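One file, my_file-v2.tsv, is given below (TSV, C-alpha atoms).
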```
chain	number	residue	atom	x	y	z
W	18	MET	CA	0.00	0.00	0.00
W	19	GLU	CA	1.19	3.47	-0.76
W	20	LEU	CA	2.58	5.48	2.14
W	21	LYS	CA	0.12	8.28	1.57
W	22	SER	CA	-2.95	6.09	1.75
W	23	LYS	CA	-1.53	4.38	4.84
W	24	MET	CA	-1.18	7.79	6.44
W	25	LEU	CA	-4.74	8.68	5.49
W	26	ILE	CA	-6.07	5.56	7.19
W	27	ALA	CA	-4.01	6.31	10.30
W	28	GLU	CA	-5.39	9.86	10.28
W	29	GLU	CA	-8.96	8.61	9.94
W	30	THR	CA	-8.54	6.24	12.88
W	31	LEU	CA	-7.05	9.04	14.94
W	32	VAL	CA	-9.99	11.33	14.18
W	33	ILE	CA	-12.48	8.61	15.15
W	34	GLN	CA	-10.63	8.00	18.42
W	35	LEU	CA	-10.45	11.72	19.18
W	36	LYS	CA	-14.23	11.84	18.98
W	37	GLN	CA	-14.65	8.94	21.45
W	38	LYS	CA	-14.39	9.82	25.14
W	39	ASP	CA	-12.58	6.56	26.05
W	40	HIS	CA	-9.74	6.94	23.59
W	41	GLN	CA	-9.60	10.72	23.49
W	42	ALA	CA	-6.68	11.33	25.83
W	43	LYS	CA	-4.38	8.79	24.20
W	44	ALA	CA	-5.33	9.88	20.69
W	45	PHE	CA	-4.74	13.51	21.58
W	46	GLU	CA	-1.29	12.67	22.87
W	47	ILE	CA	-0.48	10.95	19.57
W	48	LEU	CA	-1.87	13.92	17.66
W	49	VAL	CA	0.24	16.43	19.60
W	50	ASN	CA	3.36	14.30	19.32
W	51	THR	CA	2.91	13.82	15.59
W	52	TYR	CA	2.30	17.43	14.68
W	53	LYS	CA	3.91	19.55	17.40
W	54	GLU	CA	7.20	20.20	15.66
W	55	ARG	CA	5.77	20.82	12.19
W	56	LEU	CA	3.16	23.22	13.51
W	57	TYR	CA	5.67	24.86	15.84
W	58	TRP	CA	7.96	25.80	12.95
W	59	HIS	CA	5.06	26.89	10.79
W	60	ILE	CA	3.89	29.28	13.52
W	61	ARG	CA	7.42	30.37	14.50
W	62	ARG	CA	8.05	31.56	10.95
W	63	ILE	CA	4.97	33.74	11.16
W	64	VAL	CA	5.32	35.22	14.65
W	65	LEU	CA	9.15	34.90	14.93
W	66	ASN	CA	9.72	34.69	18.68
W	67	HIS	CA	9.55	31.56	20.78
W	68	ASP	CA	7.23	32.68	23.58
W	69	ASP	CA	4.56	33.93	21.18
W	70	THR	CA	4.91	30.72	19.15
W	71	ASP	CA	4.41	28.67	22.32
W	72	ASP	CA	1.18	30.55	23.09
W	73	VAL	CA	-0.17	30.20	19.57
W	74	LEU	CA	0.80	26.52	19.33
W	75	GLN	CA	-0.98	25.65	22.58
W	76	ASN	CA	-4.06	27.57	21.50
W	77	THR	CA	-3.98	25.75	18.18
W	78	PHE	CA	-4.01	22.32	19.79
W	79	ILE	CA	-6.72	23.39	22.24
W	80	LYS	CA	-8.85	24.61	19.32
W	81	VAL	CA	-8.24	21.36	17.45
W	82	PHE	CA	-9.31	19.35	20.50
W	83	ARG	CA	-12.41	21.41	21.12
W	84	ASN	CA	-13.50	21.46	17.49
W	85	ILE	CA	-12.65	17.92	16.43
W	86	ASP	CA	-16.37	17.07	16.33
W	87	GLY	CA	-16.77	19.71	13.69
W	88	PHE	CA	-14.04	18.18	11.54
W	89	LYS	CA	-15.93	16.58	8.69
W	90	GLY	CA	-12.99	15.03	6.89
W	91	ASP	CA	-13.48	17.11	3.73
W	92	SER	CA	-9.78	17.90	3.84
W	93	GLN	CA	-6.88	16.07	5.43
W	94	LEU	CA	-6.56	16.38	9.19
W	95	TYR	CA	-3.15	17.92	8.93
W	96	SER	CA	-4.20	20.61	6.46
W	97	TRP	CA	-7.14	21.42	8.70
W	98	MET	CA	-4.72	21.81	11.63
W	99	TYR	CA	-2.34	23.91	9.55
W	100	ARG	CA	-5.25	26.15	8.64
W	101	ILE	CA	-6.15	26.59	12.32
W	102	ALA	CA	-2.50	27.27	13.18
W	103	THR	CA	-2.23	29.85	10.39
W	104	ASN	CA	-5.41	31.62	11.46
W	105	GLU	CA	-4.37	31.57	15.10
W	106	ALA	CA	-0.93	33.01	14.28
W	107	LEU	CA	-2.35	35.74	12.06
W	108	SER	CA	-5.02	36.77	14.54
W	109	PHE	CA	-2.41	36.73	17.30
W	110	LEU	CA	-0.32	39.22	15.30
W	111	LYS	CA	-3.40	41.30	14.62
W	112	SER	CA	-4.34	41.60	18.27
W	113	LYS	CA	-0.71	42.27	19.21
W	114	SER	CA	-0.50	45.15	16.74
W	115	GLN	CA	-3.80	46.51	18.06
W	116	LYS	CA	-2.48	46.34	21.62
W	117	LEU	CA	0.73	48.13	20.66
W	118	LYS	CA	-1.24	50.53	18.45
W	119	ILE	CA	1.02	50.04	15.45
W	120	ASN	CA	0.25	48.57	12.04
W	121	ASN	CA	1.17	45.06	11.01
W	122	GLU	CA	4.13	46.16	8.91
W	123	LYS	CA	5.70	48.09	11.81
W	124	LEU	CA	5.03	45.16	14.13
W	125	MET	CA	6.89	42.79	11.83
W	126	THR	CA	9.84	45.18	11.41
W	127	LYS	CA	10.01	45.42	15.18
W	128	ALA	CA	9.79	41.63	15.55
W	129	VAL	CA	12.76	41.20	13.20
W	130	GLU	CA	14.75	43.88	15.05
W	131	ASP	CA	14.00	42.10	18.34
W	132	LEU	CA	15.62	38.95	16.95
W	133	ARG	CA	19.04	40.51	17.51
W	134	ALA	CA	18.54	40.34	21.26
W	135	ASP	CA	16.56	37.08	21.21
W	136	VAL	CA	18.34	34.26	23.05
W	137	TYR	CA	16.52	31.77	20.88
W	138	PHE	CA	17.81	33.22	17.65
W	139	GLU	CA	21.35	32.47	16.65
W	140	GLY	CA	21.22	33.47	13.01
W	141	ASP	CA	23.98	35.55	11.48
W	142	GLU	CA	23.66	38.84	9.61
W	143	ILE	CA	22.58	37.11	6.38
W	144	GLN	CA	19.84	35.16	8.11
W	145	LEU	CA	18.67	38.32	9.83
W	146	LYS	CA	18.63	40.09	6.48
W	147	LEU	CA	16.54	37.30	5.01
W	148	GLN	CA	14.01	37.71	7.83
W	149	LYS	CA	13.95	41.45	7.12
W	150	ALA	CA	13.27	40.71	3.47
W	151	ILE	CA	10.46	38.28	4.32
W	152	ALA	CA	8.92	40.87	6.66
W	153	THR	CA	8.44	43.22	3.70
W	154	LEU	CA	6.22	40.73	1.84
W	155	PRO	CA	2.43	40.92	1.88
W	156	GLU	CA	0.89	38.46	4.35
W	157	LYS	CA	-0.15	35.78	1.88
W	158	GLN	CA	3.12	35.85	-0.07
W	159	LYS	CA	4.98	35.54	3.23
W	160	LEU	CA	3.01	32.42	4.15
W	161	ILE	CA	3.51	30.88	0.73
W	162	PHE	CA	7.22	31.67	0.69
W	163	ASN	CA	7.79	30.18	4.16
W	164	MET	CA	5.80	27.05	3.37
W	165	LYS	CA	7.51	26.45	0.06
W	166	TYR	CA	11.05	27.59	0.79
W	167	PHE	CA	11.64	26.55	4.39
W	168	GLN	CA	9.08	23.82	4.90
W	169	GLU	CA	9.53	22.50	1.36
W	170	MET	CA	5.83	21.71	1.06
W	171	LYS	CA	4.24	20.72	-2.23
W	172	TYR	CA	2.06	23.25	-4.03
W	173	GLU	CA	-0.87	20.81	-3.75
W	174	GLU	CA	-0.49	20.71	0.04
W	175	ILE	CA	-0.23	24.49	0.35
W	176	SER	CA	-3.20	24.80	-1.97
W	177	GLU	CA	-5.34	22.72	0.38
W	178	ILE	CA	-4.27	24.67	3.46
W	179	LEU	CA	-4.56	28.17	2.07
W	180	GLU	CA	-7.46	27.33	-0.26
W	181	THR	CA	-5.73	28.95	-3.23
W	182	SER	CA	-5.23	27.49	-6.71
W	183	VAL	CA	-1.87	25.92	-7.54
W	184	GLY	CA	-1.41	28.40	-10.41
W	185	GLY	CA	-1.98	31.32	-8.05
W	186	LEU	CA	0.47	29.85	-5.55
W	187	LYS	CA	3.17	29.43	-8.19
W	188	ALA	CA	2.72	33.03	-9.27
W	189	SER	CA	2.83	34.30	-5.68
W	190	TYR	CA	5.91	32.22	-4.84
W	191	HIS	CA	7.66	33.48	-7.94
W	192	LEU	CA	6.84	37.10	-7.05
W	193	ALA	CA	7.88	36.63	-3.42
W	194	SER	CA	11.25	35.13	-4.40
W	195	LYS	CA	11.88	37.96	-6.85
W	196	LYS	CA	11.09	40.56	-4.17
W	197	ILE	CA	13.37	38.86	-1.65
W	198	GLU	CA	16.20	38.61	-4.15
W	199	ALA	CA	15.80	42.28	-5.00
W	200	PHE	CA	15.77	43.22	-1.31
W	201	LEU	CA	18.92	41.21	-0.60
W	202	LYS	CA	20.72	42.79	-3.55
W	203	GLU	CA	19.72	46.33	-2.59
W	204	ASN	CA	20.51	46.10	1.11
P	13	MET	CA	57.27	30.04	-8.76
P	14	ASP	CA	60.33	32.02	-9.75
P	15	LYS	CA	60.42	30.40	-13.19
P	16	LEU	CA	57.05	31.88	-13.97
P	17	ASN	CA	58.18	35.25	-12.75
P	18	LYS	CA	61.20	35.64	-15.12
P	19	ASN	CA	61.73	39.09	-16.63
P	20	ASN	CA	58.69	40.38	-14.83
P	21	ASN	CA	58.69	43.83	-13.30
P	22	PHE	CA	55.35	43.38	-11.61
P	23	LYS	CA	55.19	42.46	-7.97
P	24	VAL	CA	52.49	41.08	-5.71
P	25	PRO	CA	52.00	41.79	-2.01
P	26	ASP	CA	53.76	39.34	0.34
P	27	GLY	CA	51.77	36.18	0.93
P	28	TYR	CA	49.21	37.08	-1.74
P	29	PHE	CA	49.14	33.64	-3.34
P	30	ASP	CA	49.13	31.87	0.03
P	31	THR	CA	45.83	33.35	1.07
P	32	LEU	CA	44.27	33.62	-2.38
P	33	SER	CA	42.21	30.44	-2.27
P	34	SER	CA	40.71	31.20	1.11
P	35	ASP	CA	39.98	34.78	0.02
P	36	ILE	CA	38.12	33.49	-3.02
P	37	MET	CA	36.18	30.98	-0.94
P	38	LYS	CA	35.11	33.78	1.40
P	39	LYS	CA	33.92	35.83	-1.52
P	40	ILE	CA	31.99	32.93	-3.01
P	41	ALA	CA	30.37	32.27	0.33
P	42	MET	CA	29.28	35.89	0.50
P	43	GLU	CA	27.92	36.08	-3.00
P	44	ASP	CA	26.21	32.77	-2.85
P	45	THR	CA	24.14	33.62	-0.14
P	46	SER	CA	21.57	35.24	-1.00
P	47	MET	CA	19.20	32.88	0.72
P	48	PRO	CA	20.38	30.70	3.59
P	49	LEU	CA	18.22	27.63	4.14
P	50	ASN	CA	18.71	27.69	7.86
P	51	GLU	CA	16.96	30.51	9.63
P	52	GLY	CA	18.81	30.42	12.93
P	53	PHE	CA	15.75	29.93	15.14
P	54	LYS	CA	16.22	27.86	18.30
P	55	VAL	CA	13.86	26.34	20.85
P	56	PRO	CA	14.48	26.06	24.60
P	57	GLU	CA	15.89	22.69	25.63
P	58	GLY	CA	13.27	20.03	26.31
P	59	TYR	CA	10.48	22.26	25.02
P	60	PHE	CA	8.84	19.66	22.80
P	61	GLU	CA	9.03	16.97	25.49
P	62	THR	CA	6.99	18.95	27.97
P	63	LEU	CA	4.55	20.47	25.50
P	64	ASN	CA	2.05	17.66	25.72
P	65	THR	CA	1.56	17.89	29.47
P	66	LYS	CA	1.37	21.67	29.26
P	67	ILE	CA	-1.47	21.52	26.76
P	68	LEU	CA	-3.32	18.81	28.68
P	69	GLY	CA	-2.99	20.89	31.84
P	70	GLN	CA	-4.46	23.87	30.01
P	71	LEU	CA	-7.35	21.81	28.70
P	72	GLU	CA	-8.21	20.68	32.23
P	73	ASN	CA	-7.92	24.12	33.75
P	74	ILE	CA	-9.75	26.21	31.22
P	75	PRO	CA	-13.47	25.61	31.28
P	76	VAL	CA	-15.13	25.51	27.88
P	77	GLU	CA	-15.86	29.14	27.17
P	78	ALA	CA	-19.49	29.98	27.69
P	79	LYS	CA	-20.94	32.02	24.89
P	80	VAL	CA	-21.29	35.61	25.95
P	81	ILE	CA	-24.30	37.33	24.52
P	82	PRO	CA	-23.41	40.99	24.26
P	83	LEU	CA	-25.88	43.57	25.44
P	84	LYS	CA	-27.37	45.79	22.79
P	85	SER	CA	-26.56	43.18	20.21
P	86	TYR	CA	-29.57	44.34	18.20
P	87	LYS	CA	-27.47	47.33	17.09
P	88	LYS	CA	-25.42	44.97	14.99
P	89	HIS	CA	-28.59	43.69	13.38
P	90	TYR	CA	-29.58	47.19	12.34
P	91	TYR	CA	-26.43	47.40	10.25
P	92	THR	CA	-27.02	43.95	8.78
P	93	ALA	CA	-30.64	44.79	7.97
P	94	ALA	CA	-29.61	48.12	6.45
P	95	SER	CA	-26.97	46.51	4.25
P	96	VAL	CA	-29.32	43.73	3.15
P	97	ALA	CA	-31.97	46.34	2.28
P	98	ALA	CA	-29.42	48.38	0.35
P	99	VAL	CA	-28.29	45.33	-1.62
P	100	VAL	CA	-31.89	44.35	-2.43
P	101	LEU	CA	-32.66	47.91	-3.52
P	102	LEU	CA	-29.57	48.06	-5.68
P	103	PHE	CA	-30.43	44.72	-7.22
P	104	ILE	CA	-33.95	45.89	-8.07
P	105	ILE	CA	-32.66	49.11	-9.61
P	106	VAL	CA	-30.13	47.22	-11.69
P	107	GLN	CA	-32.79	44.72	-12.76
P	108	PHE	CA	-35.10	47.48	-13.93
P	109	ASN	CA	-32.43	49.41	-15.71
P	110	THR	CA	-30.93	46.62	-17.73
P	111	ASP	CA	-32.84	44.22	-19.86
P	112	LYS	CA	-30.07	41.67	-20.14
P	113	THR	CA	-27.45	40.15	-17.89
P	114	PRO	CA	-23.85	41.08	-18.65
P	115	SER	CA	-21.92	38.47	-20.55
P	116	TYR	CA	-18.34	37.92	-21.60
P	117	SER	CA	-18.83	39.90	-24.81
P	118	ASP	CA	-19.83	42.96	-22.76
P	119	LEU	CA	-16.34	43.19	-21.32
P	120	ALA	CA	-14.25	45.77	-23.08
P	121	ASN	CA	-10.96	44.40	-24.35
P	122	SER	CA	-9.20	47.20	-22.52
P	123	ASP	CA	-10.73	45.98	-19.24
P	124	ILE	CA	-9.48	42.47	-19.86
P	125	GLU	CA	-6.03	43.74	-20.78
P	126	HIS	CA	-6.00	45.96	-17.70
P	127	TYR	CA	-6.88	42.95	-15.55
P	128	PHE	CA	-4.04	40.88	-16.95
P	129	GLU	CA	-1.65	43.81	-16.67
P	130	PHE	CA	-2.36	44.72	-13.05
P	131	ASN	CA	-3.16	41.39	-11.46
P	132	ASP	CA	-0.12	39.36	-10.65
P	133	LEU	CA	-1.10	36.32	-12.63
P	134	GLU	CA	2.29	35.65	-14.17
P	135	LEU	CA	0.87	32.82	-16.19
P	136	SER	CA	3.23	31.21	-18.63
P	137	SER	CA	2.02	30.10	-22.05
P	138	TYR	CA	1.88	26.54	-20.66
P	139	ASP	CA	-0.44	27.69	-17.87
P	140	LEU	CA	-2.66	29.42	-20.41
P	141	ALA	CA	-2.68	26.34	-22.64
P	142	GLU	CA	-3.92	24.33	-19.69
P	143	ILE	CA	-6.94	26.52	-19.09
P	144	LEU	CA	-7.93	27.44	-22.63
P	145	PRO	CA	-10.41	24.98	-24.14
P	146	ILE	CA	-8.86	24.47	-27.57
P	147	ASP	CA	-11.44	21.89	-28.61
P	148	ASP	CA	-14.11	24.53	-29.02
P	149	LEU	CA	-11.84	26.90	-30.90
P	150	ASP	CA	-12.16	27.51	-34.61
P	151	LEU	CA	-9.46	28.97	-36.83
P	152	ASN	CA	-11.67	32.00	-37.35
P	153	ASP	CA	-11.63	32.75	-33.60
P	154	ILE	CA	-7.93	33.53	-33.84
P	155	LEU	CA	-7.76	35.26	-37.24
P	156	GLU	CA	-8.52	38.95	-37.29
P	157	SER	CA	-10.38	38.82	-40.63
P	158	ARG	CA	-12.69	36.01	-41.54
P	159	LEU	CA	-11.39	33.28	-43.78
P	160	ASP	CA	-14.19	32.23	-46.09
P	161	ASN	CA	-14.18	29.40	-48.54
P	162	ASP	CA	-14.32	31.96	-51.39
P	163	ASN	CA	-11.10	33.52	-50.17
P	164	ILE	CA	-9.40	30.15	-50.08
P	165	ILE	CA	-10.52	29.31	-53.61
P	166	ASP	CA	-9.42	32.74	-54.85
P	167	TYR	CA	-6.02	32.22	-53.26
P	168	LEU	CA	-5.59	28.75	-54.75
P	169	ASP	CA	-6.80	30.04	-58.12
P	170	SER	CA	-4.20	32.75	-58.30
P	171	HIS	CA	-1.30	30.75	-56.83
P	172	ILE	CA	-1.65	27.36	-58.48
P	173	GLU	CA	-0.97	26.91	-62.14
P	174	ASP	CA	-3.53	24.28	-62.99
P	175	PHE	CA	-6.42	24.78	-60.64
P	176	GLU	CA	-8.44	21.93	-62.17
P	177	GLU	CA	-5.68	19.47	-61.28
P	178	LEU	CA	-6.45	19.88	-57.60
P	179	ASN	CA	-9.48	17.76	-58.43
P	180	MET	CA	-11.70	19.45	-55.92
P	181	HIS	CA	-15.22	18.21	-55.46
P	182	ASN	CA	-17.71	20.90	-54.97
P	183	ASP	CA	-20.89	19.32	-53.81
P	184	ASP	CA	-22.69	22.60	-53.22
```
Now that the file is in, can you turn its structure into structure tokens?
Amino acid sequence: MELKSKMLIAEETLVIQLKQKDHQAKAFEILVNTYKERLYWHIRRIVLNHDDTDDVLQNTFIKVFRNIDGFKGDSQLYSWMYRIATNEALSFLKSKSQKLKINNEKLMTKAVEDLRADVYFEGDEIQLKLQKAIATLPEKQKLIFNMKYFQEMKYEEISEILETSVGGLKASYHLASKKIEAFLKEN
Amino acid sequence: MDKLNKNNNFKVPDGYFDTLSSDIMKKIAMEDTSMPLNEGFKVPEGYFETLNTKILGQLENIPVEAKVIPLKSYKKHYYTAASVAAVVLLFIIVQFNTDKTPSYSDLANSDIEHYFEFNDLELSSYDLAEILPIDDLDLNDILESRLDNDNIIDYLDSHIEDFEELNMHNDD
């Protein structure tokens, strides 16, 4: 049997168990253990610092747990979770910028600047510059770039998570890479 | 080295050739960069190991949020009702003013060109080929002037020496 279909069956079983009170706790542990690192890095690339990522990641799993009954299986479990994580991260940034009374762009520039003093960031100047470049991208292009470039996801997978056509994704990724290249050359 | 340097008045700084390869490597490393694959983010030690218990603890401690019904929520409904009414009114006006629904042919070419120009589609000719239904296309859809049978016969007549030899059947 193909690996992908094996995974789908495993996912289905997990979803069924998550909906049953008796197996819930064990199934949830498996779910967290399977997806924690992937979702962590997905969120970290959006919000940049560890503490915020930790908050968003925990909220994501709590939302998944509370809403599992509403998961109809129209999409894959993992793309559904990625979608929740993405929404949680974006709304986290939105409420943070409202609290600080600055716009999203300023918030992201500040977040990149804060990386210099962040104990959980050990990137060099080039890596910092790359983060600066990514911060200049529009929200959707940023997501697509991170998912494709760093997470090396397939366009089909990104398409299911972001609910955007593969053609549109390719165009956005192309534009994002061009903008980043231009930024790195200029600065 | 000295053999190569015979009758040469040029000089190089001391140690130039000794450090050359490492200098070049440094330069390559700098130019190549442009995008490092590693971002430099770290996580605290043991973070992932303790995450599970942290989340379970949170789930036990936080009661399922009760839905809060805001006071004066009807205000929101006024806006909704007003916008629905406006949309209905607009729809009725549009319905009365136009006797047909807009179709593809109503779009001005300039609008279509503007759309392609200012929306970041970046479609390659392969992408376009994938979406365009070529089965329904006729040669005349692409040509600017119509190509009628008469034109074809005229062309053949004037360009072929013995037109009769083509042995064309004209059933019409």
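In this comparison, which uses only C-alpha atoms, the residue of W:Gly90, W:Arg62, W:Lys38, W:Glu177 approaching W:Leu160 most closely is W:Arg62.
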| said: At a cut-off of 7 Å, which residues of chain W touch chain P? Count all atoms listed in the file and give the answer as a PyMOL selection string. | reply: chain W and resi 46+49+67+75+79+137-140+144+147+167+185+188+201
| request: Pick out the residues sitting within 6 Å of stretch 96-110 of chain W, and hand them over as a ChimeraX atom specification; count only C-alpha atoms, and ignore anything fewer than 3 positions along from it in its own chain. | output: /W:77,93,113,178
| request: Record the distance separating atom CA of W:Thr153 and atom CA of W:Gln115, expressed in Å with one decimal. | output: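 Separation of atom CA of W:Thr153 and atom CA of W:Gln115: 19.2 Å.
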Point (-14.0, 15.2, 13.6) neighbourhood (7 Å, all atoms listed in the file) written as a PDB file with C-alpha atoms, keeping the file's coordinate frame:
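The resulting file, result03.pdb, is reproduced below:
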```pdb
ATOM      1  CA  VAL W  32      -9.990  11.330  14.180  1.00  0.00           C
ATOM      2  CA  ILE W  33     -12.480   8.610  15.150  1.00  0.00           C
ATOM      3  CA  LYS W  36     -14.230  11.840  18.980  1.00  0.00           C
ATOM      4  CA  ILE W  85     -12.650  17.920  16.430  1.00  0.00           C
ATOM      5  CA  ASP W  86     -16.370  17.070  16.330  1.00  0.00           C
ATOM      6  CA  GLY W  87     -16.770  19.710  13.690  1.00  0.00           C
ATOM      7  CA  PHE W  88     -14.040  18.180  11.540  1.00  0.00           C
ATOM      8  CA  LYS W  89     -15.930  16.580   8.690  1.00  0.00           C
ATOM      9  CA  GLY W  90     -12.990  15.030   6.890  1.00  0.00           C
TER      10      GLY W  90
END
```
| Could you state the separation of atom CA of W:Ile60 and atom CA of W:Thr30 in Å, given to one decimal place? |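 Rounded to one decimal, the two atoms are 26.2 Å apart.
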